[in-house]
>>> print(open('coords_36.csv').read())   # CSV, C-alpha atoms
chain,number,residue,atom,x,y,z
H,337,MET,CA,21.0,-40.7,-73.6
H,338,VAL,CA,19.0,-37.8,-72.4
H,339,VAL,CA,17.7,-37.9,-68.8
H,340,TYR,CA,14.7,-35.8,-67.8
H,341,LEU,CA,14.4,-34.9,-64.1
H,342,LEU,CA,10.8,-34.5,-63.1
H,343,GLY,CA,10.2,-32.8,-59.7
H,344,CYS,CA,7.0,-32.1,-57.9
H,345,LYS,CA,5.5,-28.8,-58.7
H,346,LYS,CA,5.5,-26.4,-55.7
H,347,SER,CA,2.8,-23.9,-55.0
H,348,ASP,CA,3.6,-20.3,-54.3
H,349,THR,CA,3.4,-21.1,-50.6
H,350,GLY,CA,6.0,-23.8,-50.7
H,351,THR,CA,3.5,-26.7,-50.3
H,352,ASP,CA,2.9,-29.5,-52.7
H,353,SER,CA,0.3,-28.6,-55.3
H,354,GLY,CA,-3.1,-30.0,-54.4
H,355,ARG,CA,-2.3,-30.1,-50.7
H,356,LYS,CA,-3.7,-27.4,-48.4
H,357,ALA,CA,-1.7,-26.0,-45.5
H,358,PRO,CA,-3.4,-26.8,-42.2
H,359,GLU,CA,-5.8,-24.0,-41.1
H,360,GLN,CA,-4.8,-22.2,-37.9
H,361,LYS,CA,-7.3,-22.2,-35.1
H,362,PRO,CA,-8.8,-18.9,-34.2
H,363,ARG,CA,-7.3,-17.6,-31.0
H,364,ILE,CA,-9.0,-16.5,-27.7
H,365,ALA,CA,-7.1,-14.5,-25.1
H,366,VAL,CA,-7.7,-15.1,-21.4
H,367,VAL,CA,-6.5,-12.0,-19.5
H,368,ILE,CA,-6.4,-12.5,-15.7
H,369,SER,CA,-5.8,-9.8,-13.0
H,370,THR,CA,-3.4,-12.1,-11.1
H,371,LEU,CA,-2.3,-15.7,-11.1
H,372,ASN,CA,-0.8,-15.2,-7.6
H,373,ASN,CA,-4.0,-16.6,-6.1
H,374,PRO,CA,-5.3,-20.2,-6.7
H,375,TRP,CA,-8.8,-19.0,-7.3
H,376,PHE,CA,-7.8,-17.0,-10.3
H,377,VAL,CA,-5.7,-19.9,-11.6
H,378,VAL,CA,-8.8,-22.0,-11.6
H,379,LEU,CA,-10.7,-19.2,-13.4
H,380,ALA,CA,-8.0,-18.9,-16.1
H,381,GLU,CA,-7.4,-22.6,-16.7
H,382,THR,CA,-11.1,-23.4,-16.9
H,383,ALA,CA,-11.6,-20.6,-19.4
H,384,LYS,CA,-8.7,-21.8,-21.5
H,385,ALA,CA,-9.8,-25.4,-21.3
H,386,ARG,CA,-13.3,-24.7,-22.4
H,387,ALA,CA,-12.2,-22.5,-25.3
H,388,GLU,CA,-9.9,-25.3,-26.5
H,389,GLU,CA,-12.8,-27.8,-26.2
H,390,LEU,CA,-14.8,-25.5,-28.5
H,391,GLY,CA,-12.0,-25.5,-31.1
H,392,TYR,CA,-10.0,-22.4,-30.3
H,393,ALA,CA,-6.3,-21.8,-29.4
H,394,ALA,CA,-6.3,-20.1,-26.1
H,395,THR,CA,-3.5,-18.1,-24.3
H,396,ILE,CA,-3.5,-16.9,-20.7
H,397,PHE,CA,-2.1,-13.5,-19.9
H,398,ASP,CA,-1.2,-12.5,-16.3
H,399,SER,CA,-1.7,-8.8,-15.5
H,400,GLN,CA,-0.1,-9.2,-12.0
H,401,ASN,CA,-2.7,-6.7,-10.6
H,402,ASP,CA,-0.9,-4.0,-12.7
H,403,THR,CA,-3.0,-1.8,-15.0
H,404,ALA,CA,0.1,-1.0,-17.1
H,405,LYS,CA,0.8,-4.7,-17.7
H,406,GLU,CA,-2.9,-5.2,-18.5
H,407,ALA,CA,-2.8,-2.4,-21.1
H,408,ALA,CA,0.3,-3.9,-22.7
H,409,HIS,CA,-1.4,-7.3,-22.9
H,410,PHE,CA,-4.3,-5.7,-24.8
H,411,GLU,CA,-2.0,-4.0,-27.2
H,412,ASN,CA,-0.3,-7.4,-27.9
H,413,ILE,CA,-3.7,-9.2,-28.2
H,414,ILE,CA,-5.0,-6.6,-30.7
H,415,ALA,CA,-1.8,-6.7,-32.8
H,416,GLY,CA,-1.9,-10.5,-32.6
H,417,GLY,CA,-5.2,-10.9,-34.3
H,418,TYR,CA,-7.1,-12.6,-31.4
H,419,LYS,CA,-10.8,-13.1,-32.0
H,420,ALA,CA,-12.1,-12.6,-28.5
H,421,ILE,CA,-11.0,-11.7,-25.0
H,422,LEU,CA,-12.1,-13.4,-21.8
H,423,PHE,CA,-11.3,-10.7,-19.2
H,424,ASN,CA,-10.8,-10.5,-15.5
H,425,PRO,CA,-10.0,-6.8,-15.0
H,426,THR,CA,-7.5,-5.3,-12.6
H,427,ASP,CA,-9.5,-2.1,-11.9
H,428,ALA,CA,-13.2,-1.2,-12.4
H,429,ASN,CA,-12.3,2.2,-13.9
H,430,SER,CA,-8.8,2.0,-15.3
H,431,SER,CA,-9.6,-1.2,-17.3
H,432,ILE,CA,-12.4,0.5,-19.3
H,433,ALA,CA,-10.0,2.1,-21.8
H,434,ASN,CA,-8.5,-1.4,-22.6
H,435,VAL,CA,-11.9,-2.9,-23.2
H,436,ARG,CA,-13.0,0.0,-25.4
H,437,LYS,CA,-9.7,-0.2,-27.4
H,438,ALA,CA,-10.4,-3.9,-28.1
H,439,LYS,CA,-14.0,-3.1,-29.0
H,440,ASN,CA,-12.9,-0.5,-31.5
H,441,ALA,CA,-10.5,-3.1,-33.0
H,442,GLY,CA,-13.5,-5.4,-33.5
H,443,ILE,CA,-12.6,-7.8,-30.7
H,444,PRO,CA,-15.4,-8.7,-28.3
H,445,VAL,CA,-14.6,-8.7,-24.6
H,446,PHE,CA,-16.4,-10.8,-21.9
H,447,CYS,CA,-15.7,-9.8,-18.3
H,448,ILE,CA,-15.4,-12.6,-15.8
H,449,ASP,CA,-15.8,-12.2,-12.0
H,450,ARG,CA,-14.7,-8.6,-11.9
H,451,GLU,CA,-16.7,-5.9,-13.6
H,452,ILE,CA,-15.9,-2.6,-15.2
H,453,ASN,CA,-17.8,0.6,-14.5
H,454,ALA,CA,-19.2,0.9,-18.1
H,455,THR,CA,-22.1,-0.7,-19.8
H,456,ASP,CA,-21.1,0.1,-23.4
H,457,ALA,CA,-17.7,-1.5,-23.6
H,458,ALA,CA,-17.8,-5.3,-22.8
H,459,VAL,CA,-20.3,-7.5,-24.6
H,460,SER,CA,-21.3,-9.1,-21.3
H,461,GLN,CA,-20.1,-9.2,-17.7
H,462,ILE,CA,-20.4,-12.5,-15.9
H,463,LEU,CA,-20.2,-11.8,-12.1
H,464,SER,CA,-20.7,-13.4,-8.8
H,465,ASP,CA,-23.6,-12.0,-6.8
H,466,ASN,CA,-21.2,-10.6,-4.2
H,467,TYR,CA,-23.6,-8.4,-2.4
H,468,THR,CA,-26.1,-11.2,-1.7
H,469,GLY,CA,-23.3,-13.6,-0.9
H,470,ALA,CA,-21.9,-11.3,1.7
H,471,MET,CA,-25.4,-10.7,3.2
H,472,LEU,CA,-25.5,-14.5,3.8
H,473,ILE,CA,-22.2,-14.3,5.5
H,474,GLY,CA,-23.4,-11.4,7.6
H,475,GLN,CA,-26.4,-13.3,8.7
H,476,TYR,CA,-24.3,-16.3,9.8
H,477,PHE,CA,-21.8,-13.9,11.4
H,478,VAL,CA,-24.5,-12.5,13.7
H,479,LYS,CA,-25.7,-16.0,14.5
H,480,VAL,CA,-22.3,-17.3,15.5
H,481,VAL,CA,-20.6,-14.2,16.9
H,482,GLY,CA,-23.7,-12.6,18.5
H,483,THR,CA,-25.0,-9.1,18.6
H,484,ASN,CA,-22.6,-7.7,21.2
H,485,ALA,CA,-19.0,-8.1,20.0
H,486,LYS,CA,-16.0,-6.4,18.5
H,487,TYR,CA,-14.9,-7.2,15.0
H,488,ALA,CA,-12.5,-6.2,12.2
H,489,GLU,CA,-12.9,-6.2,8.5
H,490,LEU,CA,-10.1,-6.8,5.9
H,491,LEU,CA,-11.0,-5.2,2.6
H,492,GLY,CA,-9.7,-6.2,-0.8
H,493,LEU,CA,-8.4,-4.0,-3.6
H,494,VAL,CA,-10.0,-0.5,-3.3
H,495,GLY,CA,-10.3,-0.2,-7.1
H,496,ASP,CA,-12.3,-3.5,-7.4
H,497,ASN,CA,-16.1,-3.3,-7.2
H,498,ASN,CA,-16.1,-6.7,-5.6
H,499,THR,CA,-14.4,-5.3,-2.5
H,500,TRP,CA,-17.2,-2.8,-1.9
H,501,ASN,CA,-20.1,-5.0,-3.0
H,502,ARG,CA,-19.0,-7.6,-0.4
H,503,SER,CA,-18.4,-5.0,2.3
H,504,ARG,CA,-21.8,-3.4,1.6
H,505,GLY,CA,-23.6,-6.7,1.6
H,506,PHE,CA,-22.0,-7.7,4.9
H,507,HIS,CA,-22.7,-4.3,6.5
H,508,SER,CA,-26.3,-4.3,5.3
H,509,VAL,CA,-26.8,-7.0,8.0
H,510,VAL,CA,-24.3,-6.4,10.8
H,511,ASP,CA,-25.0,-2.6,11.0
H,512,ARG,CA,-28.5,-3.3,12.3
H,513,TYR,CA,-26.9,-4.2,15.6
H,514,PRO,CA,-25.5,-1.2,17.4
H,515,ALA,CA,-23.5,-3.3,20.0
H,516,LEU,CA,-21.8,-5.2,17.2
H,517,LYS,CA,-18.8,-2.8,16.8
H,518,MET,CA,-16.3,-2.6,14.0
H,519,VAL,CA,-13.1,-1.5,15.6
H,520,ALA,CA,-10.9,-1.7,12.5
H,521,GLN,CA,-11.4,-1.7,8.7
H,522,GLN,CA,-8.2,-1.9,6.5
H,523,SER,CA,-7.3,-3.0,3.0
H,524,ALA,CA,-5.0,-6.0,2.5
H,525,ASP,CA,-5.4,-6.0,-1.3
H,526,PHE,CA,-6.9,-9.6,-1.4
H,527,ASP,CA,-3.3,-10.8,-0.5
H,528,ARG,CA,-2.5,-13.4,2.1
H,529,ALA,CA,0.9,-12.0,3.2
H,530,LYS,CA,-0.5,-8.5,3.5
H,531,ALA,CA,-3.5,-9.8,5.5
H,532,LEU,CA,-1.1,-11.4,7.9
H,533,GLN,CA,0.7,-8.1,8.5
H,534,VAL,CA,-2.5,-6.1,8.8
H,535,MET,CA,-4.1,-8.6,11.2
H,536,GLU,CA,-1.0,-8.6,13.4
H,537,ALA,CA,-1.3,-4.8,13.7
H,538,ILE,CA,-5.0,-5.0,14.5
H,539,LEU,CA,-4.4,-7.6,17.2
H,540,GLN,CA,-1.9,-5.3,18.9
H,541,ALA,CA,-4.4,-2.5,18.9
H,542,HIS,CA,-7.4,-4.6,19.8
H,543,PRO,CA,-6.4,-7.7,21.7
H,544,ASP,CA,-10.0,-8.3,22.8
H,545,LEU,CA,-11.2,-8.8,19.2
H,546,ASP,CA,-14.0,-11.4,18.7
H,547,ALA,CA,-14.2,-11.9,15.0
H,548,VAL,CA,-12.8,-10.8,11.6
H,549,PHE,CA,-14.6,-10.7,8.2
H,550,CYS,CA,-12.2,-11.0,5.2
H,551,GLY,CA,-13.2,-10.0,1.7
H,552,ASN,CA,-11.6,-13.1,0.2
H,553,ASP,CA,-10.1,-16.4,1.4
H,554,ALA,CA,-6.5,-15.5,0.8
H,555,MET,CA,-6.9,-12.7,3.4
H,556,ALA,CA,-8.8,-15.1,5.6
H,557,MET,CA,-5.8,-17.5,5.6
H,558,GLY,CA,-3.4,-14.6,6.3
H,559,ALA,CA,-5.6,-13.5,9.2
H,560,TYR,CA,-5.8,-17.0,10.5
H,561,GLN,CA,-2.0,-17.4,10.4
H,562,ALA,CA,-1.7,-14.2,12.5
H,563,LEU,CA,-4.2,-15.4,15.0
H,564,VAL,CA,-2.4,-18.8,15.4
H,565,ALA,CA,0.9,-17.0,15.9
H,566,ALA,CA,-0.7,-14.8,18.6
H,567,GLY,CA,-2.4,-17.7,20.3
H,568,LYS,CA,-5.8,-16.2,19.5
H,569,ASP,CA,-7.2,-18.6,16.9
H,570,LYS,CA,-9.7,-20.0,19.4
H,571,GLN,CA,-10.8,-16.5,20.5
H,572,VAL,CA,-11.3,-14.7,17.2
H,573,LYS,CA,-13.7,-16.2,14.6
H,574,VAL,CA,-12.7,-15.9,11.0
H,575,PHE,CA,-15.0,-15.5,8.0
H,576,GLY,CA,-13.9,-15.5,4.4
H,577,PHE,CA,-15.2,-15.3,0.9
H,578,ASP,CA,-14.3,-17.4,-2.3
H,579,GLY,CA,-14.4,-21.1,-1.5
H,580,ALA,CA,-10.6,-21.7,-1.7
H,581,GLU,CA,-9.0,-25.0,-0.9
H,582,ASP,CA,-7.3,-24.1,2.4
H,583,VAL,CA,-10.4,-22.4,3.8
H,584,ILE,CA,-12.7,-25.3,2.9
H,585,ARG,CA,-10.3,-27.6,4.7
H,586,LEU,CA,-10.2,-25.4,7.8
H,587,ILE,CA,-14.0,-25.0,7.9
H,588,ALA,CA,-14.2,-28.8,7.9
H,589,GLU,CA,-11.7,-28.9,10.8
H,590,GLY,CA,-13.8,-26.3,12.7
H,591,LYS,CA,-11.0,-23.7,12.6
H,592,ILE,CA,-12.7,-21.1,10.2
H,593,MET,CA,-16.3,-20.3,10.6
H,594,ALA,CA,-17.6,-19.8,7.0
H,595,THR,CA,-16.9,-18.6,3.5
H,596,GLY,CA,-19.0,-17.5,0.5
H,597,MET,CA,-18.6,-20.1,-2.3
H,598,GLN,CA,-18.1,-18.5,-5.7
H,599,PHE,CA,-18.1,-20.6,-8.8
H,600,PRO,CA,-15.1,-19.7,-11.0
H,601,ARG,CA,-15.6,-22.8,-13.2
H,602,THR,CA,-19.2,-21.8,-14.0
H,603,MET,CA,-18.2,-18.2,-14.9
H,604,ALA,CA,-15.2,-19.2,-16.9
H,605,ARG,CA,-17.1,-21.8,-19.0
H,606,MET,CA,-19.9,-19.4,-19.6
H,607,ALA,CA,-17.5,-16.7,-20.8
H,608,ALA,CA,-15.9,-19.1,-23.3
H,609,GLU,CA,-19.2,-20.3,-24.5
H,610,PHE,CA,-20.5,-16.7,-24.9
H,611,ALA,CA,-17.4,-15.9,-27.0
H,612,HIS,CA,-18.0,-19.0,-29.2
H,613,GLU,CA,-21.6,-18.0,-29.7
H,614,TYR,CA,-20.6,-14.5,-30.6
H,615,MET,CA,-18.3,-15.8,-33.4
H,616,GLN,CA,-21.3,-17.9,-34.6
H,617,GLY,CA,-23.3,-14.7,-34.9
H,618,ARG,CA,-25.1,-14.2,-31.6
H,619,ARG,CA,-25.4,-10.6,-30.4
H,620,ASP,CA,-28.3,-10.6,-27.8
H,621,TYR,CA,-26.3,-10.7,-24.6
H,622,PRO,CA,-27.4,-9.4,-21.2
H,623,GLN,CA,-24.9,-6.8,-20.0
H,624,LYS,CA,-24.6,-8.4,-16.6
H,625,VAL,CA,-25.1,-12.1,-15.7
H,626,PRO,CA,-25.2,-12.7,-11.9
H,627,VAL,CA,-23.9,-16.0,-10.6
H,628,PRO,CA,-25.2,-17.0,-7.1
H,629,VAL,CA,-22.8,-17.3,-4.1
H,630,GLU,CA,-23.5,-19.9,-1.6
H,631,LEU,CA,-22.8,-19.9,2.2
H,632,VAL,CA,-20.4,-22.7,3.3
H,633,THR,CA,-20.3,-23.5,7.0
H,634,GLN,CA,-19.3,-26.4,9.2
H,635,GLU,CA,-22.8,-27.8,8.8
H,636,ASN,CA,-22.8,-28.1,5.0
H,637,VAL,CA,-19.1,-28.1,4.0
H,638,HIS,CA,-19.4,-31.8,3.1
H,639,LYS,CA,-21.3,-30.7,0.0
H,640,PHE,CA,-18.5,-28.6,-1.3
H,641,VAL,CA,-15.0,-29.0,-2.8
H,642,PRO,CA,-12.6,-26.1,-3.4
H,643,TYR,CA,-14.1,-23.5,-5.8
H,644,GLY,CA,-17.4,-25.3,-6.2
H,645,ARG,CA,-20.0,-27.8,-5.2
H,646,LYS,CA,-19.3,-31.5,-5.5
H,647,ASP,CA,-22.2,-32.0,-7.9
H,648,GLU,CA,-21.1,-29.0,-10.1
H,649,VAL,CA,-17.5,-30.3,-10.4
H,650,SER,CA,-18.7,-33.9,-11.2
H,651,GLN,CA,-20.9,-32.5,-14.0
H,652,SER,CA,-18.1,-30.4,-15.5
H,653,ALA,CA,-16.5,-33.1,-17.6
H,654,PRO,CA,-15.3,-31.9,-21.0
H,655,LYS,CA,-18.1,-31.2,-23.4
H,656,PRO,CA,-18.1,-32.2,-27.1
H,657,ASN,CA,-16.3,-29.9,-29.5
H,658,ALA,CA,-18.9,-27.5,-30.8
H,659,ALA,CA,-16.8,-25.4,-33.1
H,660,ASN,CA,-17.5,-25.3,-36.8
>>> encode(input="coords_36.csv", output="structure tokens")
Amino acid sequence: MVVYLLGCKKSDTGTDSGRKAPEQKPRIAVVISTLNNPWFVVLAETAKARAEELGYAATIFDSQNDTAKEAAHFENIIAGGYKAILFNPTDANSSIANVRKAKNAGIPVFCIDREINATDAAVSQILSDNYTGAMLIGQYFVKVVGTNAKYAELLGLVGDNNTWNRSRGFHSVVDRYPALKMVAQQSADFDRAKALQVMEAILQAHPDLDAVFCGNDAMAMGAYQALVAAGKDKQVKVFGFDGAEDVIRLIAEGKIMATGMQFPRTMARMAAEFAHEYMQGRRDYPQKVPVPVELVTQENVHKFVPYGRKDEVSQSAPKPNAAN
């Protein structure tokens, strides 16, 4: 008796004939300056989630505020065949080379929240209107602190345009009042721990301080901690910028005066949608897209949640998959 063994014919790829291997989703990279700040975590996770809703595989890269790490991420992203980059730069100047390298490799880059000082590299830059937001804080600062007082300013990273746009917006208001004197201006790198140390030193030099304007809410929290430790939290009024959870809570409790609410979810979703539209063929993007900043005070804090308005967050439920 002769027995014939019949096996299934295999294709060259090792799969059964007639069966296609599942197609891999195109990949989008989300490169963030640092994840050591809850605000940037919201930015990163929202961008990733929206990209995934649109049908892409998304990966978050943390640059840890290090331009060398950022450059290494770009090398890996380019070598890895990613289709787009949603990018929160570490430095307005140093990051330009990375964006141009991606552009030359045919990978579109969309900047989120932080800008680069070039208009021919990224496809588009989606940015908070920091200058106008800080003007609003300056106006409220004068209203609450008065026009005859001593104040300090804590600056963010000196290589980040957001630092200077916020500072210039604030000073465009307060500098109109000669008796409103800035007695100290120091960088704390947008970092809570550094802000605590800087504020401690400022208080030793200027124990009669009346107020402090901080370029982000992490620094506002560090400054507030220093004030509490020195027993001066009732004396010195604190103003921040971002809309972070701790600061929103302390504004509601009457312990911090105000902040400028940015909208990281709005910017992140827009960047992911821009990238999707680019891959669908769109090319007509504005170079810069300003996103308004809103003043949050004890009078209106009930309308806000961390990193956004209550109505904005309630409307941000997942959207239908739009990928083809």
>>> residues_around(input="coords_36.csv", residues="Ile452 in chain H", least_positions_apart="4", cutoff="8 Å", atoms="only C-alpha atoms", output="JSON, numbers by chain")
{"H": [425, 427, 428, 429, 431, 432, 447]}
>>> write_last_selection(input="coords_36.csv", atoms="C-alpha atoms", output="PDB file, in the coordinates of the input")
ATOM      1  CA  PRO H 425     -10.000  -6.800 -15.000  1.00  0.00           C
ATOM      2  CA  ASP H 427      -9.500  -2.100 -11.900  1.00  0.00           C
ATOM      3  CA  ALA H 428     -13.200  -1.200 -12.400  1.00  0.00           C
ATOM      4  CA  ASN H 429     -12.300   2.200 -13.900  1.00  0.00           C
ATOM      5  CA  SER H 431      -9.600  -1.200 -17.300  1.00  0.00           C
ATOM      6  CA  ILE H 432     -12.400   0.500 -19.300  1.00  0.00           C
ATOM      7  CA  CYS H 447     -15.700  -9.800 -18.300  1.00  0.00           C
TER       8      CYS H 447
END
>>> closest_residue(input="coords_36.csv", among="H:Glu589, H:Asp569, H:Glu609, H:Asp465", to="Leu545 in chain H", atoms="all atoms listed in the file")
H:Asp569
>>> atom_distance(input="coords_36.csv", atom1="CA of Arg618 in chain H", atom2="CA of Ala420 in chain H")
13.5 Å
>>> residues_around(input="coords_36.csv", residues="Asp496 in chain H", least_positions_apart="5", cutoff="12 Å", atoms="all atoms listed in the file", output="number ranges by chain")
H: 369, 401, 424-431, 449-453, 466, 491, 501-503, 523, 525-526, 551
>>> residues_around(input="coords_36.csv", residues="Phe575 in chain H", least_positions_apart="4", cutoff="12 Å", atoms="all atoms listed in the file", output="MDAnalysis selection string")
chainID H and resid 470 472:478 480:481 487:490 506 546:560 579 583:584 586:587 590:597 631:634
>>> atom_distance(input="coords_36.csv", atom1="CA of Gly644 in chain H", atom2="CA of Thr602 in chain H")
8.7 Å
>>> closest_residue(input="coords_36.csv", among="H:Gly495, H:Met535, H:Lys486, H:Asp582", to="Tyr513 in chain H", atoms="all atoms listed in the file")
H:Lys486
>>> closest_residue(input="coords_36.csv", among="H:Val574, H:Ala385, H:Ala438, H:Ile364", to="Arg605 in chain H", atoms="all atoms listed in the file")
H:Ala385
>>> atom_distance(input="coords_36.csv", atom1="CA of Met471 in chain H", atom2="CA of Gly505 in chain H")
4.7 Å
>>> residues_around(input="coords_36.csv", residues="Pro622 in chain H", least_positions_apart="6", cutoff="9 Å", atoms="only C-alpha atoms", output="list in words")
Val459, Ser460 and Gln461 of chain H
>>> residues_around(input="coords_36.csv", residues="Pro543 in chain H", least_positions_apart="3", cutoff="10 Å", atoms="only C-alpha atoms", output="ChimeraX atom specification")
/H:536-540,546,566,568,571-572
>>> write_last_selection(input="coords_36.csv", atoms="C-alpha atoms", output="PDB file, in the coordinates of the input")
ATOM      1  CA  GLU H 536      -1.000  -8.600  13.400  1.00  0.00           C
ATOM      2  CA  ALA H 537      -1.300  -4.800  13.700  1.00  0.00           C
ATOM      3  CA  ILE H 538      -5.000  -5.000  14.500  1.00  0.00           C
ATOM      4  CA  LEU H 539      -4.400  -7.600  17.200  1.00  0.00           C
ATOM      5  CA  GLN H 540      -1.900  -5.300  18.900  1.00  0.00           C
ATOM      6  CA  ASP H 546     -14.000 -11.400  18.700  1.00  0.00           C
ATOM      7  CA  ALA H 566      -0.700 -14.800  18.600  1.00  0.00           C
ATOM      8  CA  LYS H 568      -5.800 -16.200  19.500  1.00  0.00           C
ATOM      9  CA  GLN H 571     -10.800 -16.500  20.500  1.00  0.00           C
ATOM     10  CA  VAL H 572     -11.300 -14.700  17.200  1.00  0.00           C
TER      11      VAL H 572
END
>>> closest_residue(input="coords_36.csv", among="H:Leu379, H:Ala604, H:Ile414, H:Val435", to="Ala580 in chain H", atoms="only C-alpha atoms")
H:Leu379
>>> closest_residue(input="coords_36.csv", among="H:Arg386, H:Arg645, H:Lys624, H:Lys517", to="Ala485 in chain H", atoms="only C-alpha atoms")
H:Lys517
